>>> print(open('protein07.cif').read())   # mmCIF, C-alpha atoms
data_structure
#
loop_
_atom_site.label_atom_id
_atom_site.label_comp_id
_atom_site.auth_asym_id
_atom_site.auth_seq_id
_atom_site.Cartn_x
_atom_site.Cartn_y
_atom_site.Cartn_z
CA MET O 839 82.16 115.65 82.63
CA THR O 840 85.43 115.52 80.70
CA ALA O 841 88.50 115.27 82.89
CA ARG O 842 90.89 118.20 82.68
CA MET O 843 94.54 117.65 81.84
CA TYR O 844 97.14 120.14 83.04
CA TYR O 845 100.14 121.03 80.87
CA ASP O 846 103.24 123.23 81.19
CA ASN O 847 101.36 126.46 80.48
CA ASP O 848 98.80 125.69 83.21
CA VAL O 849 101.43 125.53 85.95
CA ASP O 850 103.29 128.21 87.88
CA ALA O 851 106.83 126.88 87.78
CA THR O 852 107.95 129.53 90.29
CA ALA O 853 105.97 127.83 93.07
CA LEU O 854 109.15 125.90 93.90
CA ALA O 855 111.48 128.88 93.51
CA GLY O 856 114.04 129.09 96.31
CA GLN O 857 112.90 125.79 97.82
CA THR O 858 114.87 122.60 98.43
CA VAL O 859 113.44 119.23 97.47
CA ALA O 860 114.60 116.10 99.30
CA ILE O 861 114.27 112.85 97.38
CA ILE O 862 114.19 109.94 99.82
CA GLY O 863 115.44 106.86 97.99
CA TYR O 864 117.40 106.49 94.77
CA GLY O 865 115.93 103.47 93.00
CA SER O 866 113.91 103.36 89.79
CA GLN O 867 111.71 106.39 90.55
CA GLY O 868 114.13 108.12 92.93
CA HIS O 869 116.97 108.53 90.47
CA ALA O 870 114.62 109.82 87.75
CA HIS O 871 112.87 112.36 89.97
CA ALA O 872 116.15 113.66 91.40
CA LEU O 873 117.86 114.06 88.04
CA ASN O 874 114.84 115.57 86.27
CA LEU O 875 114.29 118.06 89.09
CA ARG O 876 117.97 119.00 89.08
CA ASP O 877 117.96 119.51 85.31
CA SER O 878 114.87 121.71 85.68
CA GLY O 879 116.78 124.03 87.99
CA VAL O 880 115.39 122.79 91.30
CA ASN O 881 117.70 122.54 94.33
CA VAL O 882 117.77 118.79 95.10
CA ILE O 883 119.22 116.75 97.93
CA VAL O 884 119.00 112.95 98.06
CA GLY O 885 118.35 111.33 101.44
CA LEU O 886 119.84 107.86 101.87
CA ALA O 887 120.94 105.61 104.72
CA GLU O 888 124.67 105.58 105.46
CA ALA O 889 124.97 101.99 104.24
CA SER O 890 122.89 102.49 101.07
CA LYS O 891 124.50 101.10 97.93
CA SER O 892 122.85 103.95 96.03
CA ARG O 893 125.01 106.62 97.68
CA PRO O 894 127.90 106.41 95.17
CA LEU O 895 125.44 106.31 92.25
CA ALA O 896 123.77 109.54 93.35
CA ALA O 897 127.10 111.21 94.05
CA GLU O 898 128.51 110.17 90.67
CA ALA O 899 125.45 111.78 89.05
CA GLY O 900 126.46 115.07 90.66
CA LEU O 901 123.73 115.11 93.29
CA ARG O 902 124.12 116.15 96.92
CA VAL O 903 123.62 113.20 99.27
CA ALA O 904 122.86 113.25 102.99
CA ASN O 905 121.37 111.06 105.67
CA VAL O 906 117.58 110.98 105.50
CA ALA O 907 117.09 113.03 108.67
CA ASP O 908 119.54 115.71 107.54
CA ALA O 909 117.99 115.90 104.07
CA VAL O 910 114.50 116.32 105.56
CA ARG O 911 115.63 119.05 107.97
CA GLU O 912 116.95 121.06 105.01
CA ALA O 913 113.99 120.48 102.71
CA ASP O 914 110.82 122.42 101.98
CA VAL O 915 109.49 119.50 99.92
CA VAL O 916 110.09 115.83 100.79
CA MET O 917 109.29 113.13 98.23
CA ILE O 918 109.28 109.58 99.67
CA LEU O 919 110.44 107.09 97.03
CA VAL O 920 111.40 104.05 99.06
CA PRO O 921 109.24 100.88 98.72
CA ASP O 922 105.68 101.04 100.06
CA THR O 923 106.40 98.55 102.83
CA ALA O 924 109.47 100.48 104.03
CA GLN O 925 107.88 103.93 104.05
CA LYS O 926 106.22 103.81 107.47
CA ALA O 927 109.44 102.95 109.34
CA VAL O 928 111.44 105.61 107.50
CA TYR O 929 108.70 108.18 108.04
CA ASP O 930 108.24 107.45 111.74
CA THR O 931 111.94 107.45 112.64
CA GLU O 932 113.63 109.88 110.25
CA ILE O 933 111.11 112.02 108.38
CA GLU O 934 108.31 113.03 110.74
CA PRO O 935 110.58 114.29 113.59
CA ASN O 936 112.51 116.48 111.14
CA LEU O 937 109.81 117.99 108.91
CA LYS O 938 109.65 121.77 108.78
CA PRO O 939 106.25 123.33 109.62
CA GLY O 940 104.44 123.87 106.32
CA ALA O 941 106.66 121.40 104.46
CA LEU O 942 105.13 119.54 101.53
CA LEU O 943 105.28 115.78 102.05
CA MET O 944 104.95 113.98 98.72
CA PHE O 945 104.35 110.47 97.45
CA ALA O 946 104.43 108.79 94.04
CA HIS O 947 101.79 106.27 95.14
CA GLY O 948 99.05 106.73 97.72
CA PHE O 949 99.33 103.34 99.46
CA ASN O 950 100.51 104.50 102.88
CA ILE O 951 98.15 107.46 103.11
CA ARG O 952 95.14 105.54 101.77
CA PHE O 953 95.58 102.68 104.24
CA GLY O 954 96.47 104.89 107.19
CA ARG O 955 100.01 103.71 107.76
CA ILE O 956 101.34 107.26 107.56
CA LYS O 957 99.32 110.05 109.21
CA PRO O 958 100.99 113.44 108.73
CA GLY O 959 100.29 116.17 111.28
CA ALA O 960 97.80 118.94 110.58
CA GLY O 961 100.52 121.49 109.83
CA ILE O 962 102.01 119.51 106.95
CA ASP O 963 101.03 119.72 103.28
CA VAL O 964 100.50 116.32 101.64
CA GLY O 965 100.61 115.84 97.87
CA MET O 966 101.23 113.22 95.25
CA VAL O 967 102.70 113.05 91.76
CA ALA O 968 102.42 109.54 90.32
CA PRO O 969 104.11 109.09 86.92
CA LYS O 970 102.43 106.54 84.68
CA GLY O 971 105.65 104.78 83.79
CA PRO O 972 108.80 103.28 85.33
CA GLY O 973 111.64 105.49 86.45
CA HIS O 974 114.04 104.72 83.62
CA LEU O 975 111.34 105.81 81.15
CA LEU O 976 110.58 108.96 83.14
CA ARG O 977 114.25 109.88 82.89
CA SER O 978 114.92 108.90 79.26
CA VAL O 979 111.79 110.58 77.90
CA TYR O 980 112.56 113.77 79.86
CA SER O 981 116.14 113.76 78.54
CA ALA O 982 114.79 113.46 74.99
CA GLY O 983 112.56 116.50 75.49
CA GLY O 984 109.31 114.70 76.24
CA GLY O 985 107.45 113.65 79.36
CA VAL O 986 105.62 110.76 80.98
CA PRO O 987 102.02 111.59 81.96
CA ALA O 988 101.17 111.52 85.65
CA LEU O 989 98.41 111.76 88.22
CA PHE O 990 98.51 114.38 90.94
CA ALA O 991 96.58 114.89 94.15
CA VAL O 992 96.53 117.03 97.26
CA GLU O 993 95.43 115.36 100.48
CA GLN O 994 96.24 118.16 102.90
CA ASP O 995 96.85 121.87 102.30
CA ALA O 996 98.00 123.48 105.54
CA SER O 997 100.03 126.23 103.87
CA GLY O 998 97.64 127.17 101.08
CA THR O 999 100.42 126.43 98.56
CA ALA O 1000 100.20 122.63 98.36
CA ARG O 1001 98.41 122.46 95.01
CA ALA O 1002 100.67 125.00 93.32
CA ARG O 1003 103.79 123.28 94.62
CA THR O 1004 102.56 119.81 93.69
CA LEU O 1005 101.86 120.95 90.13
CA ALA O 1006 105.23 122.72 89.95
CA TYR O 1007 106.89 119.47 91.04
CA ALA O 1008 105.04 117.61 88.28
CA ARG O 1009 106.25 120.18 85.79
CA ALA O 1010 109.84 119.93 86.99
CA ILE O 1011 110.00 116.16 86.42
CA GLY O 1012 108.57 116.66 82.91
CA ALA O 1013 105.12 115.21 83.51
CA THR O 1014 103.17 118.29 82.39
CA ARG O 1015 104.85 118.03 78.98
CA ALA O 1016 102.56 115.02 78.44
CA GLY O 1017 99.79 116.09 80.79
CA VAL O 1018 98.78 115.44 84.40
CA LEU O 1019 95.33 114.48 85.67
CA GLU O 1020 93.98 115.46 89.08
CA THR O 1021 92.81 112.62 91.33
CA THR O 1022 92.70 111.68 95.02
CA PHE O 1023 94.95 109.43 97.08
CA LYS O 1024 92.06 106.97 97.41
CA GLU O 1025 91.29 106.85 93.70
CA GLU O 1026 94.94 106.61 92.61
CA THR O 1027 95.76 103.85 95.09
CA GLU O 1028 92.76 101.67 94.39
CA THR O 1029 92.91 101.98 90.60
CA ASP O 1030 96.69 101.51 90.53
CA LEU O 1031 96.58 98.33 92.61
CA PHE O 1032 93.63 97.04 90.59
CA GLY O 1033 95.35 97.71 87.26
CA GLU O 1034 98.50 95.93 88.41
CA GLN O 1035 96.70 92.91 89.81
CA ALA O 1036 93.78 92.40 87.46
CA LEU O 1037 95.47 93.24 84.17
CA LEU O 1038 98.91 94.79 83.73
CA CYS O 1039 100.95 92.40 85.86
CA GLY O 1040 98.76 89.70 87.40
CA GLY O 1041 96.09 89.27 84.74
CA VAL O 1042 98.43 89.37 81.74
CA SER O 1043 100.99 87.08 83.40
CA ALA O 1044 98.34 84.51 84.30
CA LEU O 1045 96.82 84.63 80.80
CA ILE O 1046 100.22 84.20 79.12
CA LYS O 1047 101.09 81.20 81.29
CA ALA O 1048 97.67 79.61 80.78
CA ALA O 1049 97.89 80.00 76.99
CA PHE O 1050 101.46 78.63 76.91
CA GLU O 1051 100.54 75.65 79.08
CA THR O 1052 97.47 74.91 76.94
CA LEU O 1053 99.59 74.63 73.79
CA VAL O 1054 102.41 72.63 75.38
CA GLU O 1055 100.01 70.22 77.07
CA ALA O 1056 98.34 69.70 73.68
CA GLY O 1057 101.70 68.56 72.28
CA TYR O 1058 102.95 71.67 70.53
CA GLN O 1059 106.61 72.71 70.70
CA PRO O 1060 107.37 74.95 73.73
CA GLU O 1061 109.42 77.28 71.54
CA LEU O 1062 106.49 77.77 69.16
CA ALA O 1063 104.16 78.26 72.12
CA TYR O 1064 106.47 80.98 73.48
CA PHE O 1065 106.44 82.90 70.22
CA GLU O 1066 102.64 82.70 69.97
CA THR O 1067 101.82 83.64 73.56
CA MET O 1068 104.55 85.98 74.78
CA HIS O 1069 106.84 87.19 72.00
CA GLU O 1070 104.03 88.48 69.77
CA LEU O 1071 102.25 90.16 72.67
CA LYS O 1072 104.50 93.22 72.42
CA LEU O 1073 103.57 93.68 68.78
CA ILE O 1074 99.87 93.68 69.64
CA VAL O 1075 100.26 95.94 72.69
CA ASP O 1076 102.31 98.43 70.65
CA LEU O 1077 99.43 98.70 68.18
CA MET O 1078 96.96 99.30 71.01
CA TYR O 1079 99.31 101.85 72.58
CA ARG O 1080 99.40 103.85 69.37
CA GLY O 1081 95.77 103.66 68.28
CA GLY O 1082 93.63 101.69 70.72
CA LEU O 1083 91.79 98.44 70.05
CA ASN O 1084 90.51 99.75 66.73
CA PHE O 1085 94.02 100.26 65.33
CA MET O 1086 95.09 96.83 66.53
CA ARG O 1087 92.11 95.26 64.76
CA PHE O 1088 92.76 97.36 61.66
CA SER O 1089 96.36 96.10 61.59
CA VAL O 1090 95.84 92.35 62.06
CA SER O 1091 94.29 89.94 59.58
CA ASP O 1092 90.53 89.62 59.17
CA THR O 1093 90.83 86.08 60.56
CA ALA O 1094 92.55 87.36 63.70
CA GLU O 1095 89.99 90.14 64.07
CA TYR O 1096 87.07 87.72 63.74
CA GLY O 1097 88.69 85.40 66.30
CA ASP O 1098 89.06 88.39 68.61
CA TYR O 1099 85.30 89.01 68.53
CA VAL O 1100 84.07 85.42 68.87
CA SER O 1101 86.72 83.77 71.08
CA GLY O 1102 87.96 86.61 73.28
CA PRO O 1103 84.70 86.79 75.26
CA ARG O 1104 84.82 83.00 75.80
CA VAL O 1105 88.28 83.27 77.32
CA ALA O 1106 87.20 86.19 79.50
CA GLU O 1107 83.95 84.58 80.65
CA GLY O 1108 83.65 85.01 84.40
CA VAL O 1109 86.71 87.27 84.50
CA LYS O 1110 84.78 90.45 85.24
CA ALA O 1111 83.18 88.91 88.32
CA THR O 1112 86.63 87.87 89.56
CA MET O 1113 87.96 91.35 88.84
CA LYS O 1114 85.19 92.78 91.03
CA ASP O 1115 86.33 90.47 93.83
CA VAL O 1116 89.91 91.66 93.40
CA LEU O 1117 88.76 95.29 93.49
CA GLY O 1118 86.72 94.55 96.61
CA ASP O 1119 89.81 93.20 98.39
CA ILE O 1120 91.71 96.36 97.46
CA GLN O 1121 88.94 98.73 98.54
CA SER O 1122 88.42 96.95 101.88
CA GLY O 1123 92.11 96.95 102.71
CA ALA O 1124 92.28 93.14 102.69
CA PHE O 1125 95.05 93.08 100.09
CA ALA O 1126 97.05 95.80 101.85
CA ASN O 1127 96.75 93.99 105.19
CA ARG O 1128 97.86 90.72 103.63
CA TRP O 1129 100.85 92.30 101.88
CA ILE O 1130 101.96 94.16 105.00
CA ALA O 1131 101.60 90.98 107.09
CA VAL O 1132 103.74 89.03 104.61
CA GLN O 1133 106.51 91.62 104.87
CA GLU O 1134 106.31 91.85 108.65
CA ALA O 1135 106.60 88.04 108.82
CA GLY O 1136 109.87 88.16 106.89
CA GLY O 1137 108.58 87.86 103.31
CA ALA O 1138 108.78 84.07 103.01
CA GLU O 1139 105.50 83.74 101.08
CA PHE O 1140 106.59 86.45 98.63
CA ARG O 1141 109.93 84.73 98.01
CA GLU O 1142 108.22 81.37 97.48
CA LEU O 1143 105.77 82.84 94.96
CA ARG O 1144 108.60 84.62 93.13
CA GLN O 1145 110.69 81.43 92.93
CA ARG O 1146 107.76 79.34 91.72
CA ASP O 1147 107.13 81.57 88.73
CA ARG O 1148 110.84 82.13 88.11
CA ASP O 1149 111.13 78.41 87.34
CA HIS O 1150 108.11 78.23 85.00
CA GLN O 1151 108.88 76.56 81.66
CA ILE O 1152 107.97 79.66 79.66
CA GLU O 1153 110.73 81.58 81.45
CA LYS O 1154 113.38 78.98 80.64
CA VAL O 1155 112.33 78.63 77.01
CA GLY O 1156 112.01 82.38 76.59
CA ALA O 1157 115.46 83.10 78.04
CA GLU O 1158 117.08 80.71 75.57
CA LEU O 1159 115.25 82.23 72.59
CA ARG O 1160 115.84 85.83 73.61
CA ALA O 1161 119.55 85.16 74.04
CA GLN O 1162 119.70 84.51 70.28
CA MET O 1163 118.06 87.86 69.53
CA PRO O 1164 120.51 90.50 70.83
CA PHE O 1165 118.62 93.24 68.97
CA LEU O 1166 115.90 92.86 71.63
CA ASN O 1167 118.46 93.91 74.26
CA PRO O 1168 117.41 90.94 76.41
CA VAL O 1169 117.93 90.99 80.16
CA VAL O 1170 118.23 88.23 82.73
CA VAL O 1171 116.94 88.52 86.30
CA HIS O 1172 119.16 86.43 88.51
CA ALA O 1173 117.67 84.24 91.24
CA GLY O 1174 117.89 85.84 94.65
CA GLU O 1175 118.82 89.24 93.25
CA ALA O 1176 116.77 92.35 92.65
CA GLN O 1177 118.97 93.55 89.82
CA ALA O 1178 118.49 92.60 86.18
CA THR O 1179 121.51 92.44 83.89
CA ALA O 1180 121.68 92.99 80.16
CA THR O 1181 122.78 90.08 78.02
CA SER O 1182 123.85 92.40 75.24
CA ALA O 1183 126.13 95.41 75.40
CA ALA O 1184 123.60 97.68 73.71
CA LYS O 1185 122.21 99.23 76.88
CA PRO O 1186 122.57 98.73 80.64
CA ALA O 1187 119.65 97.40 82.61
CA ALA O 1188 117.41 99.96 84.25
CA PRO O 1189 117.53 100.38 88.02
CA SER O 1190 115.20 97.90 89.67
CA GLY O 1191 112.45 98.84 92.12
CA THR O 1192 112.34 101.91 94.30
CA ALA O 1193 114.59 100.65 97.06
CA SER O 1194 117.09 103.06 98.49
#
>>> encode(input="protein07.cif", output="structure tokens")
Amino acid sequence: MTARMYYDNDVDATALAGQTVAIIGYGSQGHAHALNLRDSGVNVIVGLAEASKSRPLAAEAGLRVANVADAVREADVVMILVPDTAQKAVYDTEIEPNLKPGALLMFAHGFNIRFGRIKPGAGIDVGMVAPKGPGHLLRSVYSAGGGVPALFAVEQDASGTARARTLAYARAIGATRAGVLETTFKEETETDLFGEQALLCGGVSALIKAAFETLVEAGYQPELAYFETMHELKLIVDLMYRGGLNFMRFSVSDTAEYGDYVSGPRVAEGVKATMKDVLGDIQSGAFANRWIAVQEAGGAEFRELRQRDRDHQIEKVGAELRAQMPFLNPVVVHAGEAQATATSAAKPAAPSGTAS
């Protein structure tokens, strides 16, 4: 059966009429959701801790800002956009005690519902709108008149209006301009984690490093290895993004296409079995339990892993080469900091993460 996509004309935008939406957090996703909703005519309030460094940013953008508890008490819809590992504590202490009966509790990722860390009461609606892109893109594409596609789901419908309100929320952030696909919290969470780990972040990063190391260890110049394994990757991915694998193969040389067919499977041999293991860890909750345990222990393992890859040779070589190409608008992520800074004046760095 072909999946159905929902667009602007399929959604009742009035489902949020007269309602207040509280955005909890003002990081990458938080700032985009708040601003897009506001520009779509929705009454928005941003909930942040008193000491949050994001408070002046939200206020400067013309948004109302309040403590989390106060924002929740005022809201008919509450979207939680703080990091996954911080959501349970914020929910337990500041959100749950202040939710209105029949309020719609929303998420942009199903992690905490799927793994049972947050268990809303029976009288609360629970929905999700998960944009398929980072917050800065969600905002910039909306501002240009377009939209970033998204997934949506309803886990609990106590009021009978959860689905209509969830879709109206998706429309208000611009997602239905590109199309939204209905899913479940379970499906979204498991496929999102798998995509990140097996391919988009983990798999691609590991493949790039392995290819770079193979060339350097064979005696080739690190700078040349960088261009071949990382720099050109964007060109190839852009072709796939526009027209799939077929357009990429149409666009490259016959030699490259032939090498794709005969050598790609050799590189990927055994990978699918490993991917099934990764998916199994996600489905069983093993990955979630490990990640939560790392954070509850203070995050030392995470910091060690981050530092190890931060110092990889490809990162040092790449930073030097990118610095000579200002037209790329290169950015530098500083050690020990969450914020990236632009090395050219062309454009400021996007907000990092979803932290409040």
>>> residues_around(input="protein07.cif", residues="Pro987 in chain O", least_positions_apart="4", cutoff="9 Å", atoms="only C-alpha atoms", output="PyMOL selection string")
chain O and resi 968-971+1012-1019
>>> resolve_selection(input="protein07.cif", expression="the PyMOL selection byres ((chain O and resi 973-978) around 7)", output="PyMOL selection string")
chain O and resi 866-867+870+874+971-972+979-982+985-986+1188
>>> closest_residue(input="protein07.cif", among="O:Asp1147, O:Glu1028, O:Glu1142, O:Glu932", to="Phe953 in chain O", atoms="all atoms listed in the file")
O:Glu1028
>>> closest_residue(input="protein07.cif", among="O:Phe1165, O:Tyr929, O:Phe1125, O:Phe1085", to="Gln1035 in chain O", atoms="all atoms listed in the file")
O:Phe1125
>>> residues_near_point(input="protein07.cif", point="(95.3, 103.9, 96.1)", cutoff="9 Å", atoms="all atoms listed in the file", output="list in words")
His947, Gly948, Phe949, Asn950, Ile951, Arg952, Phe953, Thr1022, Phe1023, Lys1024, Glu1025, Glu1026, Thr1027, Glu1028, Thr1029, Asp1030, Leu1031, Phe1032, Ile1120 and Gln1121 of chain O
>>> write_last_selection(input="protein07.cif", atoms="C-alpha atoms", output="PDB file, in the frame of the given file")
ATOM      1  CA  HIS O 947     101.790 106.270  95.140  1.00  0.00           C
ATOM      2  CA  GLY O 948      99.050 106.730  97.720  1.00  0.00           C
ATOM      3  CA  PHE O 949      99.330 103.340  99.460  1.00  0.00           C
ATOM      4  CA  ASN O 950     100.510 104.500 102.880  1.00  0.00           C
ATOM      5  CA  ILE O 951      98.150 107.460 103.110  1.00  0.00           C
ATOM      6  CA  ARG O 952      95.140 105.540 101.770  1.00  0.00           C
ATOM      7  CA  PHE O 953      95.580 102.680 104.240  1.00  0.00           C
ATOM      8  CA  THR O1022      92.700 111.680  95.020  1.00  0.00           C
ATOM      9  CA  PHE O1023      94.950 109.430  97.080  1.00  0.00           C
ATOM     10  CA  LYS O1024      92.060 106.970  97.410  1.00  0.00           C
ATOM     11  CA  GLU O1025      91.290 106.850  93.700  1.00  0.00           C
ATOM     12  CA  GLU O1026      94.940 106.610  92.610  1.00  0.00           C
ATOM     13  CA  THR O1027      95.760 103.850  95.090  1.00  0.00           C
ATOM     14  CA  GLU O1028      92.760 101.670  94.390  1.00  0.00           C
ATOM     15  CA  THR O1029      92.910 101.980  90.600  1.00  0.00           C
ATOM     16  CA  ASP O1030      96.690 101.510  90.530  1.00  0.00           C
ATOM     17  CA  LEU O1031      96.580  98.330  92.610  1.00  0.00           C
ATOM     18  CA  PHE O1032      93.630  97.040  90.590  1.00  0.00           C
ATOM     19  CA  ILE O1120      91.710  96.360  97.460  1.00  0.00           C
ATOM     20  CA  GLN O1121      88.940  98.730  98.540  1.00  0.00           C
TER      21      GLN O1121
END
>>> axis_aligned_box(input="protein07.cif", around="range 856-863 of chain O", padding_each_side="5 Å", output="lines of an AutoDock Vina configuration file")
center_x = 114.2
center_y = 118.0
center_z = 98.1
size_x = 12.5
size_y = 32.2
size_z = 13.5
>>> closest_residue(input="protein07.cif", among="O:Cys1039, O:Ile1011, O:Val964, O:Ala927", to="Ser997 in chain O", atoms="only C-alpha atoms")
O:Val964
>>> closest_residue(input="protein07.cif", among="O:Glu1158, O:Gly1108, O:Gln1133, O:Met1068", to="Ala1044 in chain O", atoms="only C-alpha atoms")
O:Met1068
>>> closest_residue(input="protein07.cif", among="O:Leu1037, O:Ala1094, O:Ala1000, O:Ile1152", to="Thr1067 in chain O", atoms="only C-alpha atoms")
O:Ile1152
>>> atom_distance(input="protein07.cif", atom1="CA of Gln1059 in chain O", atom2="CA of Gln1162 in chain O")
17.6 Å
>>> residues_around(input="protein07.cif", residues="Arg876 in chain O", least_positions_apart="3", cutoff="12 Å", atoms="only C-alpha atoms", output="count of residues only")
27
>>> atom_distance(input="protein07.cif", atom1="CA of Glu1107 in chain O", atom2="CA of Arg1146 in chain O")
26.8 Å
>>> resolve_selection(input="protein07.cif", expression="the PyMOL selection byres ((chain O and resi 1151) around 12)", output="PyMOL selection string")
chain O and resi 1046-1048+1050-1051+1054-1055+1059-1061+1063-1064+1146-1150+1152-1158
>>> atom_distance(input="protein07.cif", atom1="CA of Leu1038 in chain O", atom2="CA of Lys1072 in chain O")
12.7 Å
>>> resolve_selection(input="protein07.cif", expression="the PyMOL selection byres ((chain O and resi 918) around 10)", output="list in words")
Ala860, Ile861, Ile862, Gly863, Tyr864, Gln867, Gly868, Gly885, Val915, Val916, Met917, Leu919, Val920, Pro921, Asp922, Gln925, Val928, Tyr929, Ile933, Leu943, Met944, Phe945, Ala946, His947, Met966 and Thr1192 of chain O
>>> closest_residue(input="protein07.cif", among="O:Lys926, O:Leu875, O:Met843, O:His1172", to="Gln1145 in chain O", atoms="all atoms listed in the file")
O:His1172
>>> residues_around(input="protein07.cif", residues="Gln994 in chain O", least_positions_apart="4", cutoff="9 Å", atoms="only C-alpha atoms", output="mmCIF file with C-alpha atoms, keeping the file's coordinate frame")
data_model
loop_
_atom_site.group_PDB
_atom_site.id
_atom_site.type_symbol
_atom_site.label_atom_id
_atom_site.label_comp_id
_atom_site.auth_asym_id
_atom_site.auth_seq_id
_atom_site.Cartn_x
_atom_site.Cartn_y
_atom_site.Cartn_z
ATOM 1 C CA PRO O 958 100.990 113.440 108.730
ATOM 2 C CA ALA O 960 97.800 118.940 110.580
ATOM 3 C CA GLY O 961 100.520 121.490 109.830
ATOM 4 C CA ILE O 962 102.010 119.510 106.950
ATOM 5 C CA ASP O 963 101.030 119.720 103.280
ATOM 6 C CA VAL O 964 100.500 116.320 101.640
ATOM 7 C CA GLY O 965 100.610 115.840 97.870
ATOM 8 C CA ALA O 1000 100.200 122.630 98.360
#
